[in-house]
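As provided, structure_27.csv (CSV, N, CA and C atoms) reads as follows.
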chain,number,residue,atom,x,y,z
A,22,MET,N,-26.3,24.7,-16.5
A,22,MET,CA,-25.7,23.9,-15.5
A,22,MET,C,-24.3,24.4,-15.2
A,23,LYS,N,-24.0,24.5,-13.9
A,23,LYS,CA,-22.7,25.0,-13.5
A,23,LYS,C,-21.8,23.8,-13.0
A,24,THR,N,-20.5,24.0,-13.2
A,24,THR,CA,-19.5,23.1,-12.8
A,24,THR,C,-19.2,23.3,-11.3
A,25,PHE,N,-19.3,22.2,-10.5
A,25,PHE,CA,-19.0,22.3,-9.1
A,25,PHE,C,-17.5,22.3,-8.8
A,26,VAL,N,-17.0,23.2,-8.1
A,26,VAL,CA,-15.6,23.3,-7.8
A,26,VAL,C,-15.4,23.2,-6.2
A,27,THR,N,-14.7,22.2,-5.8
A,27,THR,CA,-14.5,22.1,-4.3
A,27,THR,C,-13.5,23.1,-3.8
A,28,LYS,N,-13.9,23.8,-2.7
A,28,LYS,CA,-13.0,24.7,-2.1
A,28,LYS,C,-12.3,24.1,-0.9
A,29,PRO,N,-11.1,24.6,-0.5
A,29,PRO,CA,-10.4,23.9,0.6
A,29,PRO,C,-11.2,24.0,1.9
A,30,ALA,N,-12.0,25.0,2.1
A,30,ALA,CA,-12.8,25.1,3.3
A,30,ALA,C,-13.9,24.1,3.4
A,31,GLU,N,-14.3,23.6,2.3
A,31,GLU,CA,-15.4,22.6,2.2
A,31,GLU,C,-15.0,21.2,2.4
A,32,VAL,N,-13.7,20.9,2.5
A,32,VAL,CA,-13.2,19.6,2.5
A,32,VAL,C,-13.4,19.0,3.9
A,33,GLU,N,-14.0,17.8,4.0
A,33,GLU,CA,-14.2,17.1,5.2
A,33,GLU,C,-13.3,15.9,5.2
A,34,ARG,N,-12.4,15.8,6.2
A,34,ARG,CA,-11.4,14.7,6.2
A,34,ARG,C,-11.8,13.8,7.4
A,35,ASN,N,-11.8,12.5,7.1
A,35,ASN,CA,-12.1,11.5,8.1
A,35,ASN,C,-10.9,10.6,8.3
A,36,TRP,N,-11.0,9.8,9.3
A,36,TRP,CA,-10.0,8.7,9.6
A,36,TRP,C,-10.6,7.4,9.1
A,37,VAL,N,-9.8,6.6,8.3
A,37,VAL,CA,-10.2,5.4,7.8
A,37,VAL,C,-9.2,4.3,8.4
A,38,VAL,N,-9.8,3.3,9.0
A,38,VAL,CA,-9.0,2.2,9.5
A,38,VAL,C,-9.1,1.0,8.5
A,39,VAL,N,-7.9,0.5,8.0
A,39,VAL,CA,-7.9,-0.5,7.1
A,39,VAL,C,-7.2,-1.8,7.7
A,40,ASP,N,-7.9,-2.9,7.6
A,40,ASP,CA,-7.3,-4.2,8.1
A,40,ASP,C,-6.6,-4.9,7.0
A,41,ALA,N,-5.3,-5.0,7.1
A,41,ALA,CA,-4.5,-5.6,6.0
A,41,ALA,C,-4.5,-7.1,6.0
A,42,GLN,N,-5.1,-7.8,7.0
A,42,GLN,CA,-5.0,-9.2,7.1
A,42,GLN,C,-5.7,-9.9,5.9
A,43,GLY,N,-4.9,-10.7,5.2
A,43,GLY,CA,-5.5,-11.5,4.1
A,43,GLY,C,-5.6,-10.7,2.8
A,44,HIS,N,-5.2,-9.5,2.7
A,44,HIS,CA,-5.3,-8.7,1.5
A,44,HIS,C,-4.0,-8.8,0.7
A,45,THR,N,-4.0,-8.7,-0.6
A,45,THR,CA,-2.8,-8.7,-1.4
A,45,THR,C,-2.2,-7.4,-1.4
A,46,LEU,N,-0.9,-7.3,-1.3
A,46,LEU,CA,-0.1,-6.1,-1.1
A,46,LEU,C,-0.4,-5.0,-2.1
A,47,GLY,N,-0.4,-5.3,-3.4
A,47,GLY,CA,-0.6,-4.3,-4.4
A,47,GLY,C,-2.0,-3.8,-4.5
A,48,ARG,N,-3.0,-4.7,-4.4
A,48,ARG,CA,-4.4,-4.3,-4.4
A,48,ARG,C,-4.7,-3.4,-3.2
A,49,LEU,N,-4.2,-3.8,-2.1
A,49,LEU,CA,-4.4,-3.0,-0.9
A,49,LEU,C,-3.8,-1.6,-1.0
A,50,ALA,N,-2.6,-1.5,-1.6
A,50,ALA,CA,-1.9,-0.3,-1.7
A,50,ALA,C,-2.6,0.7,-2.7
A,51,SER,N,-3.2,0.1,-3.7
A,51,SER,CA,-3.9,1.0,-4.7
A,51,SER,C,-5.2,1.6,-4.0
A,52,LYS,N,-5.8,0.8,-3.2
A,52,LYS,CA,-7.0,1.3,-2.5
A,52,LYS,C,-6.7,2.3,-1.5
A,53,ILE,N,-5.6,2.1,-0.8
A,53,ILE,CA,-5.1,3.1,0.2
A,53,ILE,C,-4.7,4.4,-0.5
A,54,ALA,N,-4.0,4.3,-1.6
A,54,ALA,CA,-3.6,5.5,-2.3
A,54,ALA,C,-4.8,6.3,-2.8
A,55,ALA,N,-5.9,5.6,-3.3
A,55,ALA,CA,-7.1,6.3,-3.7
A,55,ALA,C,-7.8,7.0,-2.6
A,56,ILE,N,-7.8,6.4,-1.4
A,56,ILE,CA,-8.4,7.0,-0.2
A,56,ILE,C,-7.5,8.2,0.2
A,57,LEU,N,-6.2,8.1,0.2
A,57,LEU,CA,-5.4,9.3,0.5
A,57,LEU,C,-5.5,10.5,-0.4
A,58,ARG,N,-5.7,10.2,-1.7
A,58,ARG,CA,-5.9,11.3,-2.6
A,58,ARG,C,-7.3,11.8,-2.6
A,59,GLY,N,-8.3,11.1,-2.1
A,59,GLY,CA,-9.7,11.5,-2.1
A,59,GLY,C,-10.5,11.1,-3.3
A,60,LYS,N,-10.0,10.1,-4.0
A,60,LYS,CA,-10.7,9.7,-5.2
A,60,LYS,C,-12.0,8.9,-4.9
A,61,ASN,N,-12.1,8.5,-3.7
A,61,ASN,CA,-13.3,7.8,-3.3
A,61,ASN,C,-14.5,8.7,-2.9
A,62,LYS,N,-14.3,10.0,-3.0
A,62,LYS,CA,-15.3,11.0,-2.7
A,62,LYS,C,-15.9,11.6,-3.9
A,63,PRO,N,-17.2,11.9,-3.9
A,63,PRO,CA,-17.8,12.5,-5.1
A,63,PRO,C,-17.3,13.9,-5.4
A,64,ASN,N,-16.7,14.6,-4.5
A,64,ASN,CA,-16.2,15.9,-4.8
A,64,ASN,C,-14.7,15.9,-5.0
A,65,PHE,N,-14.1,14.9,-5.7
A,65,PHE,CA,-12.7,14.8,-5.9
A,65,PHE,C,-12.2,15.9,-6.9
A,66,SER,N,-11.1,16.5,-6.5
A,66,SER,CA,-10.5,17.5,-7.4
A,66,SER,C,-9.0,17.2,-7.3
A,67,PRO,N,-8.3,17.0,-8.5
A,67,PRO,CA,-6.9,16.5,-8.5
A,67,PRO,C,-6.0,17.6,-8.0
A,68,ASN,N,-6.4,18.9,-7.9
A,68,ASN,CA,-5.5,19.9,-7.5
A,68,ASN,C,-5.7,20.2,-6.0
A,69,LEU,N,-6.5,19.5,-5.3
A,69,LEU,CA,-6.9,19.8,-3.9
A,69,LEU,C,-6.6,18.6,-3.1
A,70,ASP,N,-6.1,18.8,-1.9
A,70,ASP,CA,-5.9,17.7,-0.9
A,70,ASP,C,-7.1,17.5,-0.2
A,71,ALA,N,-7.9,16.5,-0.6
A,71,ALA,CA,-9.2,16.2,0.0
A,71,ALA,C,-9.3,14.8,0.5
A,72,GLY,N,-8.2,14.2,0.6
A,72,GLY,CA,-8.2,12.8,1.0
A,72,GLY,C,-8.4,12.6,2.5
A,73,ASP,N,-8.6,11.4,2.9
A,73,ASP,CA,-8.8,11.0,4.3
A,73,ASP,C,-7.5,10.5,4.8
A,74,PHE,N,-7.5,10.4,6.2
A,74,PHE,CA,-6.3,9.9,6.9
A,74,PHE,C,-6.5,8.3,7.0
A,75,VAL,N,-5.4,7.6,6.8
A,75,VAL,CA,-5.5,6.1,6.8
A,75,VAL,C,-4.7,5.5,7.9
A,76,ILE,N,-5.2,4.6,8.7
A,76,ILE,CA,-4.5,3.8,9.6
A,76,ILE,C,-4.6,2.3,9.2
A,77,VAL,N,-3.4,1.7,9.1
A,77,VAL,CA,-3.4,0.3,8.6
A,77,VAL,C,-3.1,-0.6,9.8
A,78,ILE,N,-3.9,-1.6,10.1
A,78,ILE,CA,-3.6,-2.5,11.2
A,78,ILE,C,-3.3,-3.9,10.5
A,79,ASN,N,-2.7,-4.8,11.3
A,79,ASN,CA,-2.3,-6.1,10.8
A,79,ASN,C,-1.4,-6.0,9.5
A,80,ALA,N,-0.5,-5.1,9.5
A,80,ALA,CA,0.3,-4.9,8.3
A,80,ALA,C,1.2,-6.1,8.0
A,81,GLU,N,1.6,-6.8,9.1
A,81,GLU,CA,2.5,-8.0,8.9
A,81,GLU,C,1.8,-9.2,8.4
A,82,LYS,N,0.5,-9.2,8.2
A,82,LYS,CA,-0.3,-10.3,7.8
A,82,LYS,C,-0.8,-10.1,6.3
A,83,ILE,N,-0.1,-9.3,5.5
A,83,ILE,CA,-0.5,-9.2,4.1
A,83,ILE,C,-0.1,-10.5,3.4
A,84,VAL,N,-0.7,-10.6,2.2
A,84,VAL,CA,-0.5,-11.8,1.4
A,84,VAL,C,0.1,-11.4,0.1
A,85,VAL,N,1.1,-12.2,-0.4
A,85,VAL,CA,1.6,-12.0,-1.7
A,85,VAL,C,1.6,-13.3,-2.5
A,86,THR,N,1.5,-13.2,-3.8
A,86,THR,CA,1.3,-14.5,-4.5
A,86,THR,C,2.6,-15.0,-5.0
A,87,GLY,N,2.6,-16.3,-5.3
A,87,GLY,CA,3.8,-16.9,-5.9
A,87,GLY,C,5.0,-17.0,-4.9
A,88,ARG,N,6.2,-16.8,-5.4
A,88,ARG,CA,7.4,-16.8,-4.6
A,88,ARG,C,7.9,-15.4,-4.3
A,89,ARG,N,7.0,-14.5,-4.3
A,89,ARG,CA,7.3,-13.1,-4.1
A,89,ARG,C,8.0,-12.8,-2.8
A,90,MET,N,7.6,-13.5,-1.7
A,90,MET,CA,8.2,-13.3,-0.4
A,90,MET,C,9.7,-13.4,-0.4
A,91,ASP,N,10.3,-14.3,-1.2
A,91,ASP,CA,11.7,-14.5,-1.3
A,91,ASP,C,12.3,-13.8,-2.5
A,92,GLN,N,11.6,-13.5,-3.6
A,92,GLN,CA,12.1,-12.9,-4.8
A,92,GLN,C,12.0,-11.4,-4.9
A,93,LYS,N,11.0,-10.8,-4.2
A,93,LYS,CA,10.9,-9.4,-4.3
A,93,LYS,C,12.0,-8.7,-3.4
A,94,SER,N,12.7,-7.8,-4.0
A,94,SER,CA,13.8,-7.1,-3.3
A,94,SER,C,13.6,-5.7,-3.2
A,95,TYR,N,14.1,-5.1,-2.1
A,95,TYR,CA,14.1,-3.7,-1.8
A,95,TYR,C,15.5,-3.2,-1.7
A,96,TYR,N,15.9,-2.2,-2.4
A,96,TYR,CA,17.2,-1.7,-2.5
A,96,TYR,C,17.4,-0.4,-1.8
A,97,ARG,N,18.5,-0.2,-1.2
A,97,ARG,CA,18.9,1.2,-0.7
A,97,ARG,C,20.4,1.3,-0.9
A,98,HIS,N,20.8,2.6,-1.0
A,98,HIS,CA,22.3,2.8,-1.3
A,98,HIS,C,22.7,3.9,-0.2
A,99,SER,N,23.9,3.6,0.3
A,99,SER,CA,24.5,4.5,1.3
A,99,SER,C,25.1,5.8,0.7
A,100,GLY,N,25.4,5.7,-0.6
A,100,GLY,CA,26.0,6.9,-1.2
A,100,GLY,C,27.5,6.7,-1.4
A,101,TYR,N,28.0,5.6,-0.8
A,101,TYR,CA,29.5,5.3,-1.0
A,101,TYR,C,29.6,4.2,-2.0
A,102,PRO,N,30.8,4.1,-2.6
A,102,PRO,CA,31.0,3.0,-3.6
A,102,PRO,C,30.8,1.6,-3.0
A,103,GLY,N,30.1,0.8,-3.7
A,103,GLY,CA,29.8,-0.5,-3.1
A,103,GLY,C,28.8,-0.5,-2.0
A,104,GLY,N,28.0,0.6,-1.8
A,104,GLY,CA,27.1,0.7,-0.7
A,104,GLY,C,25.7,0.3,-1.0
A,105,LEU,N,25.5,-0.6,-2.0
A,105,LEU,CA,24.1,-1.0,-2.3
A,105,LEU,C,23.7,-2.2,-1.4
A,106,SER,N,22.6,-2.0,-0.7
A,106,SER,CA,22.1,-3.1,0.2
A,106,SER,C,20.8,-3.6,-0.4
A,107,GLU,N,20.5,-4.9,-0.2
A,107,GLU,CA,19.3,-5.5,-0.7
A,107,GLU,C,18.6,-6.3,0.4
A,108,THR,N,17.3,-6.1,0.5
A,108,THR,CA,16.5,-6.8,1.5
A,108,THR,C,15.3,-7.4,0.8
A,109,THR,N,15.0,-8.7,1.2
A,109,THR,CA,13.8,-9.3,0.6
A,109,THR,C,12.6,-8.9,1.4
A,110,LEU,N,11.5,-9.2,0.8
A,110,LEU,CA,10.2,-8.9,1.4
A,110,LEU,C,10.0,-9.6,2.7
A,111,ARG,N,10.4,-10.8,2.8
A,111,ARG,CA,10.3,-11.6,4.0
A,111,ARG,C,11.1,-11.0,5.1
A,112,ASP,N,12.3,-10.6,4.9
A,112,ASP,CA,13.1,-9.9,5.9
A,112,ASP,C,12.6,-8.6,6.3
A,113,LEU,N,12.0,-7.8,5.3
A,113,LEU,CA,11.5,-6.5,5.6
A,113,LEU,C,10.2,-6.6,6.5
A,114,LEU,N,9.4,-7.6,6.2
A,114,LEU,CA,8.2,-7.8,7.0
A,114,LEU,C,8.6,-8.3,8.4
A,115,ARG,N,9.7,-9.0,8.6
A,115,ARG,CA,10.1,-9.4,9.9
A,115,ARG,C,10.6,-8.3,10.7
A,116,THR,N,11.4,-7.3,10.1
A,116,THR,CA,12.0,-6.3,10.9
A,116,THR,C,11.1,-5.0,10.9
A,117,HIS,N,10.5,-4.6,9.8
A,117,HIS,CA,9.7,-3.4,9.8
A,117,HIS,C,8.4,-3.7,9.0
A,118,PRO,N,7.3,-4.2,9.6
A,118,PRO,CA,6.2,-4.8,8.9
A,118,PRO,C,5.4,-3.7,8.2
A,119,THR,N,5.5,-2.4,8.5
A,119,THR,CA,4.7,-1.4,7.8
A,119,THR,C,5.4,-0.9,6.5
A,120,ARG,N,6.7,-1.1,6.4
A,120,ARG,CA,7.4,-0.5,5.2
A,120,ARG,C,7.0,-1.0,3.9
A,121,PRO,N,6.7,-2.3,3.7
A,121,PRO,CA,6.3,-2.8,2.3
A,121,PRO,C,5.0,-2.1,1.9
A,122,ILE,N,4.1,-1.8,2.8
A,122,ILE,CA,2.8,-1.1,2.5
A,122,ILE,C,3.2,0.3,2.1
A,123,GLU,N,4.0,1.0,2.9
A,123,GLU,CA,4.4,2.4,2.6
A,123,GLU,C,5.1,2.5,1.3
A,124,PHE,N,6.0,1.6,0.9
A,124,PHE,CA,6.6,1.6,-0.4
A,124,PHE,C,5.7,1.4,-1.5
A,125,ALA,N,4.7,0.5,-1.3
A,125,ALA,CA,3.7,0.2,-2.4
A,125,ALA,C,2.8,1.3,-2.6
A,126,VAL,N,2.4,2.0,-1.5
A,126,VAL,CA,1.5,3.2,-1.6
A,126,VAL,C,2.2,4.3,-2.3
A,127,LYS,N,3.5,4.5,-1.9
A,127,LYS,CA,4.3,5.5,-2.6
A,127,LYS,C,4.4,5.3,-4.1
A,128,GLY,N,4.5,4.0,-4.5
A,128,GLY,CA,4.5,3.7,-5.9
A,128,GLY,C,3.2,3.9,-6.6
A,129,CYS,N,2.1,3.9,-5.9
A,129,CYS,CA,0.7,4.1,-6.4
A,129,CYS,C,0.4,5.6,-6.5
A,130,CYS,N,1.1,6.5,-5.8
A,130,CYS,CA,0.8,7.9,-5.8
A,130,CYS,C,1.3,8.6,-7.0
A,131,PRO,N,0.8,9.7,-7.5
A,131,PRO,CA,1.3,10.3,-8.7
A,131,PRO,C,2.6,11.0,-8.4
A,132,ARG,N,3.4,11.2,-9.5
A,132,ARG,CA,4.7,11.8,-9.3
A,132,ARG,C,4.6,13.3,-9.6
A,133,THR,N,3.7,14.0,-8.9
A,133,THR,CA,3.6,15.4,-9.0
A,133,THR,C,3.6,16.0,-7.6
A,134,ARG,N,3.3,17.3,-7.6
A,134,ARG,CA,3.3,18.0,-6.3
A,134,ARG,C,2.2,17.4,-5.3
A,135,SER,N,1.2,16.8,-5.9
A,135,SER,CA,0.2,16.2,-5.1
A,135,SER,C,0.6,14.9,-4.4
A,136,ALA,N,1.7,14.4,-4.9
A,136,ALA,CA,2.3,13.1,-4.3
A,136,ALA,C,2.7,13.4,-2.8
A,137,ALA,N,3.3,14.6,-2.6
A,137,ALA,CA,3.7,14.9,-1.3
A,137,ALA,C,2.5,15.0,-0.3
A,138,ARG,N,1.4,15.5,-0.8
A,138,ARG,CA,0.2,15.5,0.0
A,138,ARG,C,-0.3,14.1,0.2
A,139,CYS,N,-0.2,13.3,-0.8
A,139,CYS,CA,-0.7,11.9,-0.7
A,139,CYS,C,0.1,11.1,0.4
A,140,LEU,N,1.4,11.3,0.4
A,140,LEU,CA,2.3,10.5,1.3
A,140,LEU,C,2.3,11.1,2.7
A,141,ARG,N,2.0,12.4,2.8
A,141,ARG,CA,2.1,13.0,4.1
A,141,ARG,C,1.0,12.5,5.0
A,142,ASN,N,-0.1,12.1,4.4
A,142,ASN,CA,-1.2,11.6,5.3
A,142,ASN,C,-0.9,10.2,5.7
Entire entry expressed as structure tokens:
Amino acid sequence: MKTFVTKPAEVERNWVVVDAQGHTLGRLASKIAAILRGKNKPNFSPNLDAGDFVIVINAEKIVVTGRRMDQKSYYRHSGYPGGLSETTLRDLLRTHPTRPIEFAVKGCCPRTRSAARCLRN
């Protein structure tokens, strides 16, 4: 019995459309990250970029549990002293509805060189 090794020329990449309406943020992000890495395919190889492309629609209609809309915070820093800014999930969904999903998918991707391939798609 021989071990099957996927080669870059054999990779077939498809487009996947995901409807985010009614889905929980974290559960949806983990499924999207698995699709981006190619873990949903039988020929998955961790060192190869074999994932599909993902399009998310209805990103502003995601669901979170509890009081997370007001308690979950996203931070950014300008680099200057006292330059820390905080935004709640509710405000971020109002201004940039796709960013909470992007941040959640980034958190689900591995912290290796393959993460760049995961987030590029």
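Candidate residues A:Ile83, A:Arg134, A:Gly104, A:Tyr95 were compared for distance to Ala50 in chain A, and the nearest is A:Ile83, using only C-alpha atoms.
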Selection: 8 Å around Leu140 in chain A, all atoms listed in the file, excl. self and same-chain fewer than 2 positions, as number ranges by chain: A: 57-58, 126-127, 130, 135-138, 142
Between CA of Gly59 in chain A and CA of Ala71 in chain A, distance in Å (one decimal):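 Here the two named atoms are 5.2 Å from each other.
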Counting only C-alpha atoms, figure out which residue out of A:Phe124, A:Arg132, A:Glu107, A:Tyr96 gets nearest to Ile53 in chain A.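 Distance minimum relative to Ile53 in chain A lands on A:Phe124.
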Given only N, CA and C atoms as the counted atoms, nearest of A:Val77, A:Gly72, A:Lys62, A:Thr119 to Cys139 in chain A: A:Gly72
Run DSSP on the backbone of this structure and report the residues of chain A it assigns to alpha helix (DSSP H), as a VMD selection string. chain A and resid 46 to 58 89 to 92 110 to 116 120 to 129 134 to 141
Between CA of Asn35 in chain A and CA of Ile78 in chain A, what is the distance, to one decimal in Å?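 Rounded to one decimal, the two atoms are 16.7 Å apart.
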A:Arg120, A:Asp112, A:Leu46, A:Asp73: which is nearest Glu33 in chain A, counting all atoms listed in the file?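 Smallest distance to Glu33 in chain A is found for A:Asp73.
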Test item, strand (DSSP E) assignment across chain A, answer as a PDB file with N, CA and C atoms, keeping the file's coordinate frame:
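Contents of the output file states19.pdb:
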ATOM      1  N   TRP A  36     -11.000   9.800   9.300  1.00  0.00           N
ATOM      2  CA  TRP A  36     -10.000   8.700   9.600  1.00  0.00           C
ATOM      3  C   TRP A  36     -10.600   7.400   9.100  1.00  0.00           C
ATOM      4  N   VAL A  37      -9.800   6.600   8.300  1.00  0.00           N
ATOM      5  CA  VAL A  37     -10.200   5.400   7.800  1.00  0.00           C
ATOM      6  C   VAL A  37      -9.200   4.300   8.400  1.00  0.00           C
ATOM      7  N   VAL A  38      -9.800   3.300   9.000  1.00  0.00           N
ATOM      8  CA  VAL A  38      -9.000   2.200   9.500  1.00  0.00           C
ATOM      9  C   VAL A  38      -9.100   1.000   8.500  1.00  0.00           C
ATOM     10  N   VAL A  39      -7.900   0.500   8.000  1.00  0.00           N
ATOM     11  CA  VAL A  39      -7.900  -0.500   7.100  1.00  0.00           C
ATOM     12  C   VAL A  39      -7.200  -1.800   7.700  1.00  0.00           C
ATOM     13  N   ASP A  40      -7.900  -2.900   7.600  1.00  0.00           N
ATOM     14  CA  ASP A  40      -7.300  -4.200   8.100  1.00  0.00           C
ATOM     15  C   ASP A  40      -6.600  -4.900   7.000  1.00  0.00           C
ATOM     16  N   PHE A  74      -7.500  10.400   6.200  1.00  0.00           N
ATOM     17  CA  PHE A  74      -6.300   9.900   6.900  1.00  0.00           C
ATOM     18  C   PHE A  74      -6.500   8.300   7.000  1.00  0.00           C
ATOM     19  N   VAL A  75      -5.400   7.600   6.800  1.00  0.00           N
ATOM     20  CA  VAL A  75      -5.500   6.100   6.800  1.00  0.00           C
ATOM     21  C   VAL A  75      -4.700   5.500   7.900  1.00  0.00           C
ATOM     22  N   ILE A  76      -5.200   4.600   8.700  1.00  0.00           N
ATOM     23  CA  ILE A  76      -4.500   3.800   9.600  1.00  0.00           C
ATOM     24  C   ILE A  76      -4.600   2.300   9.200  1.00  0.00           C
ATOM     25  N   VAL A  77      -3.400   1.700   9.100  1.00  0.00           N
ATOM     26  CA  VAL A  77      -3.400   0.300   8.600  1.00  0.00           C
ATOM     27  C   VAL A  77      -3.100  -0.600   9.800  1.00  0.00           C
ATOM     28  N   ILE A  78      -3.900  -1.600  10.100  1.00  0.00           N
ATOM     29  CA  ILE A  78      -3.600  -2.500  11.200  1.00  0.00           C
ATOM     30  C   ILE A  78      -3.300  -3.900  10.500  1.00  0.00           C
ATOM     31  N   SER A  94      12.700  -7.800  -4.000  1.00  0.00           N
ATOM     32  CA  SER A  94      13.800  -7.100  -3.300  1.00  0.00           C
ATOM     33  C   SER A  94      13.600  -5.700  -3.200  1.00  0.00           C
ATOM     34  N   TYR A  95      14.100  -5.100  -2.100  1.00  0.00           N
ATOM     35  CA  TYR A  95      14.100  -3.700  -1.800  1.00  0.00           C
ATOM     36  C   TYR A  95      15.500  -3.200  -1.700  1.00  0.00           C
ATOM     37  N   TYR A  96      15.900  -2.200  -2.400  1.00  0.00           N
ATOM     38  CA  TYR A  96      17.200  -1.700  -2.500  1.00  0.00           C
ATOM     39  C   TYR A  96      17.400  -0.400  -1.800  1.00  0.00           C
ATOM     40  N   ARG A  97      18.500  -0.200  -1.200  1.00  0.00           N
ATOM     41  CA  ARG A  97      18.900   1.200  -0.700  1.00  0.00           C
ATOM     42  C   ARG A  97      20.400   1.300  -0.900  1.00  0.00           C
ATOM     43  N   HIS A  98      20.800   2.600  -1.000  1.00  0.00           N
ATOM     44  CA  HIS A  98      22.300   2.800  -1.300  1.00  0.00           C
ATOM     45  C   HIS A  98      22.700   3.900  -0.200  1.00  0.00           C
ATOM     46  N   LEU A 105      25.500  -0.600  -2.000  1.00  0.00           N
ATOM     47  CA  LEU A 105      24.100  -1.000  -2.300  1.00  0.00           C
ATOM     48  C   LEU A 105      23.700  -2.200  -1.400  1.00  0.00           C
ATOM     49  N   SER A 106      22.600  -2.000  -0.700  1.00  0.00           N
ATOM     50  CA  SER A 106      22.100  -3.100   0.200  1.00  0.00           C
ATOM     51  C   SER A 106      20.800  -3.600  -0.400  1.00  0.00           C
ATOM     52  N   GLU A 107      20.500  -4.900  -0.200  1.00  0.00           N
ATOM     53  CA  GLU A 107      19.300  -5.500  -0.700  1.00  0.00           C
ATOM     54  C   GLU A 107      18.600  -6.300   0.400  1.00  0.00           C
ATOM     55  N   THR A 108      17.300  -6.100   0.500  1.00  0.00           N
ATOM     56  CA  THR A 108      16.500  -6.800   1.500  1.00  0.00           C
ATOM     57  C   THR A 108      15.300  -7.400   0.800  1.00  0.00           C
ATOM     58  N   THR A 109      15.000  -8.700   1.200  1.00  0.00           N
ATOM     59  CA  THR A 109      13.800  -9.300   0.600  1.00  0.00           C
ATOM     60  C   THR A 109      12.600  -8.900   1.400  1.00  0.00           C
TER      61      THR A 109
END
Compile the contact shell of range 38-45 of chain A as a compact mmCIF listing (two decimals) with N, CA and C atoms, keeping the file's coordinate frame: residues with an atom at most 6.5 Å away, counting only N, CA and C atoms, same-chain residues fewer than 2 positions apart removed.
# COMPACT_ATOMS: atom_id res chain seq x y z
N TRP A 36 -11.00 9.80 9.30
CA TRP A 36 -10.00 8.70 9.60
C TRP A 36 -10.60 7.40 9.10
N GLY A 47 -0.40 -5.30 -3.40
CA GLY A 47 -0.60 -4.30 -4.40
C GLY A 47 -2.00 -3.80 -4.50
N ARG A 48 -3.00 -4.70 -4.40
CA ARG A 48 -4.40 -4.30 -4.40
C ARG A 48 -4.70 -3.40 -3.20
N LEU A 49 -4.20 -3.80 -2.10
CA LEU A 49 -4.40 -3.00 -0.90
C LEU A 49 -3.80 -1.60 -1.00
N ALA A 50 -2.60 -1.50 -1.60
CA ALA A 50 -1.90 -0.30 -1.70
C ALA A 50 -2.60 0.70 -2.70
N PHE A 74 -7.50 10.40 6.20
CA PHE A 74 -6.30 9.90 6.90
C PHE A 74 -6.50 8.30 7.00
N VAL A 75 -5.40 7.60 6.80
CA VAL A 75 -5.50 6.10 6.80
C VAL A 75 -4.70 5.50 7.90
N ILE A 76 -5.20 4.60 8.70
CA ILE A 76 -4.50 3.80 9.60
C ILE A 76 -4.60 2.30 9.20
N VAL A 77 -3.40 1.70 9.10
CA VAL A 77 -3.40 0.30 8.60
C VAL A 77 -3.10 -0.60 9.80
N ILE A 78 -3.90 -1.60 10.10
CA ILE A 78 -3.60 -2.50 11.20
C ILE A 78 -3.30 -3.90 10.50
N ASN A 79 -2.70 -4.80 11.30
CA ASN A 79 -2.30 -6.10 10.80
C ASN A 79 -1.40 -6.00 9.50
N ALA A 80 -0.50 -5.10 9.50
CA ALA A 80 0.30 -4.90 8.30
C ALA A 80 1.20 -6.10 8.00
N LYS A 82 0.50 -9.20 8.20
CA LYS A 82 -0.30 -10.30 7.80
C LYS A 82 -0.80 -10.10 6.30
N ILE A 83 -0.10 -9.30 5.50
CA ILE A 83 -0.50 -9.20 4.10
C ILE A 83 -0.10 -10.50 3.40
N VAL A 84 -0.70 -10.60 2.20
CA VAL A 84 -0.50 -11.80 1.40
C VAL A 84 0.10 -11.40 0.10
N VAL A 85 1.10 -12.20 -0.40
CA VAL A 85 1.60 -12.00 -1.70
C VAL A 85 1.60 -13.30 -2.50
To one decimal place in Å, what is the distance between CA of Arg115 in chain A and atom C of Ala55 in chain A? 27.3 Å
